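As structure tokens, the structure follows; a few thoughts come after it.
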Amino acid sequence: MHAKTDSEGTSIDASWPPRSPRRPVYYVQSPSNHDVEKMSYGSSPTASPTHHYYHCSPIHHSRESSTSRFSASLKNPRSLSAWKHVQLGRGDDDDDDDDDEMDGRDGSKANKIRLYLCLVFLFFVLFTVFSLILWGASRSYKPKILVKHIMFENFHYQAGNDQSGLPTDMFSLNSTVKVSYRNPATFFAVHVTSTPWELHYFQLKIASGQMKKFTQSRKSQRKVVTIVKGSQVPLYGGIPVLVASREHLNTIAVPLNLTFVMRSRAYILGRLVKTKFYGRIRCSVTLRGNKLGTALNLTDSCIYQ
């Protein structure tokens, strides 16, 4: 029944104090004195004009409270945010230390591997140099080979047939060759072998023999005796001197050549370092019918290569 005018409504709203929200809900710790004075001034209905009512709204108090809490957390190092910041900083430092430690371990392992590789390479280089020195030094210790003599014990010249039954002259011979072998080396022994020792009349082989292999110790020598013989060798008219002197074999003189190769092998450092020596020998000798059983000196009748 009583209608209120706009002026009355305005006066009633202005005289009625605004309802402020419960501020203690928005605070975690006690605010500073400056914040208390500011809040008491803003919340007094008589001291503030009407246009300040919007500043006392819950939104404004929420902003002020959050601002005060942020400033308090910055001022107080024991606050949660500051503690988290310190802990994060420490965690980063620990990670950096762990990374540095891992890098240091990896670097030490790499350095050890490089060191081992360098030592292995240095060992191979030194071993190669040492082996080359030994090999070069061993080359100056070539074995000394000297053919002493040959002795024709007997020979037989007669008619016969070859393996195919073809009639031809057959020749048989027995002889012994003596050779002196000396190893002058001071730090290694040698293993000696040879090719067959052969007697040729030009290109026709009439006798052969095989030397027994042996090992000669350092700074020593020996006499090597080898039997060279031929049995029922078909001539096919290859030695005209024998044909002409069939009735007088004690007067024949048949020029022959004795050839063979002696191989000497020295194992200086096991099988890793070894030296080989080859002695190619060619001796000229004459088979005489009246010199059977006599040693024929070949010291000056041989060529050594």
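Labels used: A, B, ... for chains in the order of the structure tokens, numbers from 1 for residues in each chain, and numbers from 1 for ligands as shown.
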_Could you list, as a PyMOL selection string, every residue within 8 Å of stretch 256-261 of chain A, counting only C-alpha atoms and ignoring same-chain residues fewer than 5 positions away?_
chain A and resi 194-202+278-287
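The neighbours of A:Asn290 here are the residues that come within 12 Å of it, using only C-alpha atoms and leaving out any residue fewer than 3 positions away in the same chain; they are Phe152, Glu153, Asn154, Phe155, His248, Leu249, Asn250, Thr251, Ile252, Ala253, Val254, Thr286, Leu287, Gly293 and Thr294 of chain A.
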Could you write out that same residue set with all heavy atoms as an mmCIF file, in the first residue's frame?
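Below is the file that was written, again.cif:
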data_model
loop_
_atom_site.group_PDB
_atom_site.id
_atom_site.type_symbol
_atom_site.label_atom_id
_atom_site.label_comp_id
_atom_site.auth_asym_id
_atom_site.auth_seq_id
_atom_site.Cartn_x
_atom_site.Cartn_y
_atom_site.Cartn_z
ATOM 1 N N PHE A 152 133.778 -93.799 -56.857
ATOM 2 C CA PHE A 152 133.052 -94.775 -57.672
ATOM 3 C C PHE A 152 133.496 -96.175 -57.230
ATOM 4 O O PHE A 152 134.662 -96.543 -57.384
ATOM 5 C CB PHE A 152 133.339 -94.583 -59.163
ATOM 6 C CG PHE A 152 132.827 -93.252 -59.686
ATOM 7 C CD1 PHE A 152 133.735 -92.204 -59.935
ATOM 8 C CD2 PHE A 152 131.490 -93.050 -59.935
ATOM 9 C CE1 PHE A 152 133.278 -90.996 -60.419
ATOM 10 C CE2 PHE A 152 131.039 -91.832 -60.427
ATOM 11 C CZ PHE A 152 131.927 -90.799 -60.660
ATOM 12 N N GLU A 153 132.573 -96.901 -56.725
ATOM 13 C CA GLU A 153 132.902 -98.240 -56.234
ATOM 14 C C GLU A 153 132.912 -99.276 -57.368
ATOM 15 O O GLU A 153 133.832 -100.081 -57.468
ATOM 16 C CB GLU A 153 131.907 -98.645 -55.140
ATOM 17 C CG GLU A 153 131.974 -97.731 -53.907
ATOM 18 C CD GLU A 153 130.935 -98.091 -52.871
ATOM 19 O OE1 GLU A 153 130.145 -99.037 -53.114
ATOM 20 O OE2 GLU A 153 130.899 -97.426 -51.818
ATOM 21 N N ASN A 154 131.910 -99.225 -58.214
ATOM 22 C CA ASN A 154 131.866 -100.152 -59.360
ATOM 23 C C ASN A 154 130.832 -99.662 -60.353
ATOM 24 O O ASN A 154 129.981 -98.803 -60.022
ATOM 25 C CB ASN A 154 131.536 -101.586 -58.910
ATOM 26 C CG ASN A 154 130.237 -101.660 -58.128
ATOM 27 O OD1 ASN A 154 129.158 -101.408 -58.654
ATOM 28 N ND2 ASN A 154 130.344 -102.028 -56.858
ATOM 29 N N PHE A 155 130.935 -100.205 -61.539
ATOM 30 C CA PHE A 155 129.926 -99.952 -62.568
ATOM 31 C C PHE A 155 129.849 -101.172 -63.482
ATOM 32 O O PHE A 155 130.818 -101.934 -63.619
ATOM 33 C CB PHE A 155 130.234 -98.674 -63.354
ATOM 34 C CG PHE A 155 131.399 -98.779 -64.272
ATOM 35 C CD1 PHE A 155 131.247 -99.154 -65.619
ATOM 36 C CD2 PHE A 155 132.694 -98.501 -63.824
ATOM 37 C CE1 PHE A 155 132.334 -99.252 -66.463
ATOM 38 C CE2 PHE A 155 133.776 -98.589 -64.675
ATOM 39 C CZ PHE A 155 133.594 -98.970 -66.003
ATOM 40 N N HIS A 248 137.335 -102.928 -73.220
ATOM 41 C CA HIS A 248 138.388 -102.389 -72.337
ATOM 42 C C HIS A 248 137.764 -101.317 -71.431
ATOM 43 O O HIS A 248 138.033 -100.111 -71.577
ATOM 44 C CB HIS A 248 139.550 -101.808 -73.159
ATOM 45 C CG HIS A 248 140.125 -102.769 -74.138
ATOM 46 N ND1 HIS A 248 141.010 -103.797 -73.786
ATOM 47 C CD2 HIS A 248 139.966 -102.896 -75.496
ATOM 48 C CE1 HIS A 248 141.340 -104.478 -74.843
ATOM 49 N NE2 HIS A 248 140.738 -103.968 -75.908
ATOM 50 N N LEU A 249 136.959 -101.763 -70.495
ATOM 51 C CA LEU A 249 136.251 -100.805 -69.628
ATOM 52 C C LEU A 249 137.176 -100.135 -68.623
ATOM 53 O O LEU A 249 136.866 -99.065 -68.098
ATOM 54 C CB LEU A 249 135.123 -101.530 -68.884
ATOM 55 C CG LEU A 249 133.963 -102.042 -69.760
ATOM 56 C CD1 LEU A 249 132.951 -102.756 -68.895
ATOM 57 C CD2 LEU A 249 133.319 -100.900 -70.548
ATOM 58 N N ASN A 250 138.318 -100.733 -68.370
ATOM 59 C CA ASN A 250 139.236 -100.126 -67.411
ATOM 60 C C ASN A 250 139.931 -98.886 -67.964
ATOM 61 O O ASN A 250 140.604 -98.152 -67.237
ATOM 62 C CB ASN A 250 140.273 -101.133 -66.929
ATOM 63 C CG ASN A 250 141.079 -101.737 -68.072
ATOM 64 O OD1 ASN A 250 140.724 -101.611 -69.265
ATOM 65 N ND2 ASN A 250 142.179 -102.423 -67.738
ATOM 66 N N THR A 251 139.774 -98.649 -69.243
ATOM 67 C CA THR A 251 140.415 -97.484 -69.859
ATOM 68 C C THR A 251 139.425 -96.370 -70.193
ATOM 69 O O THR A 251 139.835 -95.339 -70.766
ATOM 70 C CB THR A 251 141.120 -97.919 -71.160
ATOM 71 O OG1 THR A 251 140.154 -98.462 -72.079
ATOM 72 C CG2 THR A 251 142.207 -98.955 -70.857
ATOM 73 N N ILE A 252 138.181 -96.554 -69.864
ATOM 74 C CA ILE A 252 137.183 -95.539 -70.249
ATOM 75 C C ILE A 252 137.314 -94.314 -69.343
ATOM 76 O O ILE A 252 137.804 -94.387 -68.190
ATOM 77 C CB ILE A 252 135.744 -96.103 -70.159
ATOM 78 C CG1 ILE A 252 135.425 -96.471 -68.707
ATOM 79 C CG2 ILE A 252 135.544 -97.295 -71.064
ATOM 80 C CD1 ILE A 252 133.984 -96.805 -68.444
ATOM 81 N N ALA A 253 136.848 -93.178 -69.871
ATOM 82 C CA ALA A 253 136.788 -91.926 -69.115
ATOM 83 C C ALA A 253 135.495 -91.221 -69.533
ATOM 84 O O ALA A 253 135.390 -90.692 -70.650
ATOM 85 C CB ALA A 253 138.007 -91.065 -69.384
ATOM 86 N N VAL A 254 134.530 -91.243 -68.649
ATOM 87 C CA VAL A 254 133.201 -90.681 -68.954
ATOM 88 C C VAL A 254 133.008 -89.414 -68.120
ATOM 89 O O VAL A 254 132.984 -89.474 -66.870
ATOM 90 C CB VAL A 254 132.090 -91.692 -68.639
ATOM 91 C CG1 VAL A 254 130.725 -91.109 -68.978
ATOM 92 C CG2 VAL A 254 132.341 -92.995 -69.392
ATOM 93 N N THR A 286 134.896 -87.053 -63.445
ATOM 94 C CA THR A 286 135.146 -87.994 -64.551
ATOM 95 C C THR A 286 135.195 -89.414 -64.011
ATOM 96 O O THR A 286 135.957 -89.706 -63.064
ATOM 97 C CB THR A 286 136.466 -87.661 -65.271
ATOM 98 O OG1 THR A 286 136.412 -86.300 -65.751
ATOM 99 C CG2 THR A 286 136.704 -88.613 -66.417
ATOM 100 N N LEU A 287 134.374 -90.249 -64.606
ATOM 101 C CA LEU A 287 134.377 -91.674 -64.248
ATOM 102 C C LEU A 287 135.487 -92.368 -65.027
ATOM 103 O O LEU A 287 135.449 -92.412 -66.259
ATOM 104 C CB LEU A 287 133.020 -92.302 -64.580
ATOM 105 C CG LEU A 287 132.919 -93.826 -64.445
ATOM 106 C CD1 LEU A 287 133.209 -94.283 -63.017
ATOM 107 C CD2 LEU A 287 131.568 -94.315 -64.916
ATOM 108 N N GLY A 293 137.055 -97.353 -56.641
ATOM 109 C CA GLY A 293 137.419 -97.516 -55.226
ATOM 110 C C GLY A 293 138.317 -96.437 -54.701
ATOM 111 O O GLY A 293 138.742 -96.508 -53.533
ATOM 112 N N THR A 294 138.596 -95.425 -55.502
ATOM 113 C CA THR A 294 139.467 -94.334 -55.083
ATOM 114 C C THR A 294 138.649 -93.056 -54.946
ATOM 115 O O THR A 294 137.849 -92.720 -55.835
ATOM 116 C CB THR A 294 140.596 -94.117 -56.100
ATOM 117 O OG1 THR A 294 141.332 -95.355 -56.253
ATOM 118 C CG2 THR A 294 141.527 -93.026 -55.647
#
*Write down as a list of chain:residue names the residues of stretch 177-267 of chain A whose backbone DSSP state falls under helix (DSSP H, G or I).*
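Helix (DSSP H, G or I) members of stretch 177-267 of chain A, listed: A:Pro240, A:Val241, A:Leu242, A:Val243, A:Ala244, A:Leu249, A:Asn250, A:Thr251.
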If you keep N, CA, C and O atoms, can you produce a file of those selected residues as a CSV table (one decimal), in the first residue's frame?
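What landed in selection-v4.csv:
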chain,number,residue,atom,x,y,z
A,240,PRO,N,128.5,-92.9,-76.3
A,240,PRO,CA,129.3,-93.5,-77.3
A,240,PRO,C,130.7,-94.0,-76.8
A,240,PRO,O,131.2,-95.0,-77.4
A,241,VAL,N,131.2,-93.4,-75.8
A,241,VAL,CA,132.5,-93.9,-75.2
A,241,VAL,C,132.4,-95.3,-74.7
A,241,VAL,O,133.3,-96.1,-74.9
A,242,LEU,N,131.3,-95.6,-74.1
A,242,LEU,CA,131.2,-97.0,-73.6
A,242,LEU,C,131.0,-98.0,-74.7
A,242,LEU,O,131.5,-99.1,-74.7
A,243,VAL,N,130.4,-97.6,-75.8
A,243,VAL,CA,130.2,-98.5,-77.0
A,243,VAL,C,131.6,-98.8,-77.6
A,243,VAL,O,131.9,-99.9,-78.0
A,244,ALA,N,132.4,-97.8,-77.7
A,244,ALA,CA,133.7,-98.0,-78.3
A,244,ALA,C,134.7,-98.8,-77.4
A,244,ALA,O,135.6,-99.4,-77.9
A,249,LEU,N,137.0,-101.8,-70.5
A,249,LEU,CA,136.3,-100.8,-69.6
A,249,LEU,C,137.2,-100.1,-68.6
A,249,LEU,O,136.9,-99.1,-68.1
A,250,ASN,N,138.3,-100.7,-68.4
A,250,ASN,CA,139.2,-100.1,-67.4
A,250,ASN,C,139.9,-98.9,-68.0
A,250,ASN,O,140.6,-98.2,-67.2
A,251,THR,N,139.8,-98.6,-69.2
A,251,THR,CA,140.4,-97.5,-69.9
A,251,THR,C,139.4,-96.4,-70.2
A,251,THR,O,139.8,-95.3,-70.8
Polymer residues at most 12 Å from stretch 129-133 of chain A, only C-alpha atoms, same-chain spacing of 2 or more positions, as a CSV table (one decimal) with N, CA and C atoms, in the first residue's frame:
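The file below, result-v3.csv, is the result:
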chain,number,residue,atom,x,y,z
A,122,LEU,N,102.1,-50.6,-29.8
A,122,LEU,CA,103.5,-50.4,-29.5
A,122,LEU,C,104.2,-51.8,-29.4
A,123,PHE,N,103.5,-52.7,-28.8
A,123,PHE,CA,104.1,-54.1,-28.7
A,123,PHE,C,104.3,-54.7,-30.0
A,124,PHE,N,103.3,-54.6,-30.9
A,124,PHE,CA,103.5,-55.1,-32.3
A,124,PHE,C,104.6,-54.4,-33.0
A,125,VAL,N,104.7,-53.1,-32.9
A,125,VAL,CA,105.7,-52.4,-33.6
A,125,VAL,C,107.1,-52.9,-33.1
A,126,LEU,N,107.3,-52.9,-31.7
A,126,LEU,CA,108.5,-53.4,-31.2
A,126,LEU,C,108.9,-54.8,-31.6
A,127,PHE,N,107.8,-55.7,-31.5
A,127,PHE,CA,108.1,-57.1,-31.9
A,127,PHE,C,108.5,-57.2,-33.4
A,135,TRP,N,116.0,-61.3,-38.1
A,135,TRP,CA,116.1,-61.9,-39.5
A,135,TRP,C,117.2,-61.3,-40.3
A,136,GLY,N,117.5,-60.0,-40.2
A,136,GLY,CA,118.6,-59.4,-40.9
A,136,GLY,C,119.9,-60.0,-40.4
A,137,ALA,N,120.0,-60.2,-39.0
A,137,ALA,CA,121.3,-60.7,-38.5
A,137,ALA,C,121.5,-62.2,-38.9
A,138,SER,N,120.4,-62.9,-39.0
A,138,SER,CA,120.6,-64.3,-39.4
A,138,SER,C,121.0,-64.5,-40.8
A,139,ARG,N,120.7,-63.5,-41.7
A,139,ARG,CA,121.1,-63.7,-43.1
A,139,ARG,C,122.6,-63.7,-43.3
A,140,SER,N,123.4,-63.2,-42.3
A,140,SER,CA,124.8,-63.3,-42.5
A,140,SER,C,125.4,-64.6,-42.0
A,267,TYR,N,114.7,-71.7,-37.7
A,267,TYR,CA,113.5,-71.1,-36.9
A,267,TYR,C,114.1,-70.3,-35.8
A,268,ILE,N,114.2,-69.0,-36.1
A,268,ILE,CA,114.9,-68.1,-35.1
A,268,ILE,C,114.0,-67.8,-33.9
A,269,LEU,N,112.7,-67.5,-34.2
A,269,LEU,CA,111.8,-67.1,-33.1
A,269,LEU,C,110.5,-68.0,-33.3
A,270,GLY,N,110.7,-69.3,-33.1
A,270,GLY,CA,109.6,-70.2,-33.4
A,270,GLY,C,109.3,-70.2,-34.9
A,271,ARG,N,108.0,-70.3,-35.2
A,271,ARG,CA,107.6,-70.3,-36.6
A,271,ARG,C,107.3,-68.9,-37.1
A,272,LEU,N,107.4,-67.9,-36.2
A,272,LEU,CA,107.1,-66.5,-36.6
A,272,LEU,C,108.2,-65.9,-37.4
A,273,VAL,N,109.5,-66.2,-37.0
A,273,VAL,CA,110.7,-65.7,-37.7
A,273,VAL,C,111.5,-66.8,-38.2
A,274,LYS,N,111.6,-67.0,-39.4
A,274,LYS,CA,112.4,-68.1,-40.0
A,274,LYS,C,113.2,-67.6,-41.2
A,275,THR,N,114.4,-68.3,-41.4
A,275,THR,CA,115.2,-67.9,-42.5
A,275,THR,C,115.6,-69.2,-43.3
At a cut-off of 12 Å, using only C-alpha atoms, what residues contact A:Ser231? Leave out same-chain residues fewer than 3 positions from it and give the result as a PDB file with N, CA and C atoms, in the first residue's frame.
ATOM      1  N   ASN A 154     131.910 -99.225 -58.214  1.00  0.00           N
ATOM      2  CA  ASN A 154     131.866-100.152 -59.360  1.00  0.00           C
ATOM      3  C   ASN A 154     130.832 -99.662 -60.353  1.00  0.00           C
ATOM      4  N   PHE A 155     130.935-100.205 -61.539  1.00  0.00           N
ATOM      5  CA  PHE A 155     129.926 -99.952 -62.568  1.00  0.00           C
ATOM      6  C   PHE A 155     129.849-101.172 -63.482  1.00  0.00           C
ATOM      7  N   HIS A 156     128.711-101.331 -64.157  1.00  0.00           N
ATOM      8  CA  HIS A 156     128.487-102.467 -65.056  1.00  0.00           C
ATOM      9  C   HIS A 156     127.835-101.943 -66.328  1.00  0.00           C
ATOM     10  N   TYR A 157     128.427-102.442 -67.419  1.00  0.00           N
ATOM     11  CA  TYR A 157     127.903-102.058 -68.737  1.00  0.00           C
ATOM     12  C   TYR A 157     127.633-103.332 -69.515  1.00  0.00           C
ATOM     13  N   GLN A 158     126.357-103.536 -69.894  1.00  0.00           N
ATOM     14  CA  GLN A 158     126.004-104.796 -70.566  1.00  0.00           C
ATOM     15  C   GLN A 158     124.743-104.581 -71.395  1.00  0.00           C
ATOM     16  N   ASP A 162     114.864-102.888 -72.055  1.00  0.00           N
ATOM     17  CA  ASP A 162     114.173-101.935 -71.188  1.00  0.00           C
ATOM     18  C   ASP A 162     112.827-102.503 -70.746  1.00  0.00           C
ATOM     19  N   MET A 170     122.544-101.479 -71.115  1.00  0.00           N
ATOM     20  CA  MET A 170     122.136-101.147 -69.749  1.00  0.00           C
ATOM     21  C   MET A 170     123.377-100.793 -68.929  1.00  0.00           C
ATOM     22  N   PHE A 171     123.207 -99.808 -68.041  1.00  0.00           N
ATOM     23  CA  PHE A 171     124.352 -99.317 -67.258  1.00  0.00           C
ATOM     24  C   PHE A 171     123.943 -99.257 -65.777  1.00  0.00           C
ATOM     25  N   SER A 172     124.866 -99.772 -64.932  1.00  0.00           N
ATOM     26  CA  SER A 172     124.666 -99.741 -63.476  1.00  0.00           C
ATOM     27  C   SER A 172     125.903 -99.122 -62.831  1.00  0.00           C
ATOM     28  N   LEU A 173     125.660 -98.333 -61.751  1.00  0.00           N
ATOM     29  CA  LEU A 173     126.750 -97.590 -61.107  1.00  0.00           C
ATOM     30  C   LEU A 173     126.465 -97.442 -59.610  1.00  0.00           C
ATOM     31  N   ASN A 174     127.520 -97.607 -58.829  1.00  0.00           N
ATOM     32  CA  ASN A 174     127.476 -97.362 -57.385  1.00  0.00           C
ATOM     33  C   ASN A 174     128.581 -96.371 -57.011  1.00  0.00           C
ATOM     34  N   SER A 175     128.204 -95.333 -56.269  1.00  0.00           N
ATOM     35  CA  SER A 175     129.181 -94.316 -55.854  1.00  0.00           C
ATOM     36  C   SER A 175     128.761 -93.733 -54.502  1.00  0.00           C
ATOM     37  N   LYS A 205     120.380 -88.958 -67.196  1.00  0.00           N
ATOM     38  CA  LYS A 205     120.624 -89.266 -65.788  1.00  0.00           C
ATOM     39  C   LYS A 205     120.968 -90.751 -65.652  1.00  0.00           C
ATOM     40  N   ILE A 206     122.133 -91.028 -65.025  1.00  0.00           N
ATOM     41  CA  ILE A 206     122.576 -92.407 -64.891  1.00  0.00           C
ATOM     42  C   ILE A 206     122.593 -92.889 -63.438  1.00  0.00           C
ATOM     43  N   ALA A 207     122.469 -91.936 -62.454  1.00  0.00           N
ATOM     44  CA  ALA A 207     122.468 -92.345 -61.047  1.00  0.00           C
ATOM     45  C   ALA A 207     121.869 -91.221 -60.201  1.00  0.00           C
ATOM     46  N   SER A 208     121.341 -91.621 -59.066  1.00  0.00           N
ATOM     47  CA  SER A 208     120.759 -90.631 -58.151  1.00  0.00           C
ATOM     48  C   SER A 208     120.751 -91.214 -56.737  1.00  0.00           C
ATOM     49  N   GLY A 209     120.627 -90.328 -55.757  1.00  0.00           N
ATOM     50  CA  GLY A 209     120.568 -90.729 -54.349  1.00  0.00           C
ATOM     51  C   GLY A 209     119.925 -89.630 -53.522  1.00  0.00           C
ATOM     52  N   VAL A 228     124.971 -92.571 -54.112  1.00  0.00           N
ATOM     53  CA  VAL A 228     124.387 -92.226 -55.417  1.00  0.00           C
ATOM     54  C   VAL A 228     124.592 -93.438 -56.328  1.00  0.00           C
ATOM     55  N   PRO A 234     118.723 -97.800 -68.967  1.00  0.00           N
ATOM     56  CA  PRO A 234     118.857 -97.961 -70.437  1.00  0.00           C
ATOM     57  C   PRO A 234     119.546 -96.744 -71.041  1.00  0.00           C
ATOM     58  N   LEU A 235     120.528 -97.014 -71.927  1.00  0.00           N
ATOM     59  CA  LEU A 235     121.308 -95.925 -72.517  1.00  0.00           C
ATOM     60  C   LEU A 235     120.824 -95.546 -73.908  1.00  0.00           C
TER      61      LEU A 235
END
_Per-residue DSSP, stretch 100-304 of chain A, filtered to strand (DSSP E or B), as number ranges by chain_ = A: 144-161, 167-183, 190-194, 197-201, 204-209, 214-216, 220-234, 253-269, 273-288, 295-297, 302-304
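Using only C-alpha atoms, the shortest contact distance between A:Cys302 and any of A:Ala110, A:Ile150, A:Ala159, A:Leu204 is found at A:Ile150.
Residue nearest A:Arg222, chosen from A:Lys144, A:Phe277, A:Thr168, A:Phe188 and counting only C-alpha atoms: A:Lys144.
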*Skip A:His191 itself and residues of its chain fewer than 3 positions away, then list as an MDAnalysis selection string all residues within 10 Å of it, counting only C-alpha atoms.*
chainID A and resid 213:217 263:267 276
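Reported to one decimal place, the separation of atom CA of A:Ile239 from atom CA of A:Pro167 is 15.5 Å.
Nearest residue to A:Lys212, choosing from A:Met262, A:Leu166, A:Ala185, A:Leu146 and counting only C-alpha atoms: A:Met262.
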*Separation of atom CA of A:Asn161 from atom CA of A:Gly237 in Å*: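 Computing it gives 12.8 Å between the two atoms.
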*Distance criterion (only C-alpha atoms): nearest to A:Val179 out of A:Val192, A:Met211, A:Val225, A:Leu115*: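 Among the listed residues, the smallest separation from A:Val179 belongs to A:Val225.
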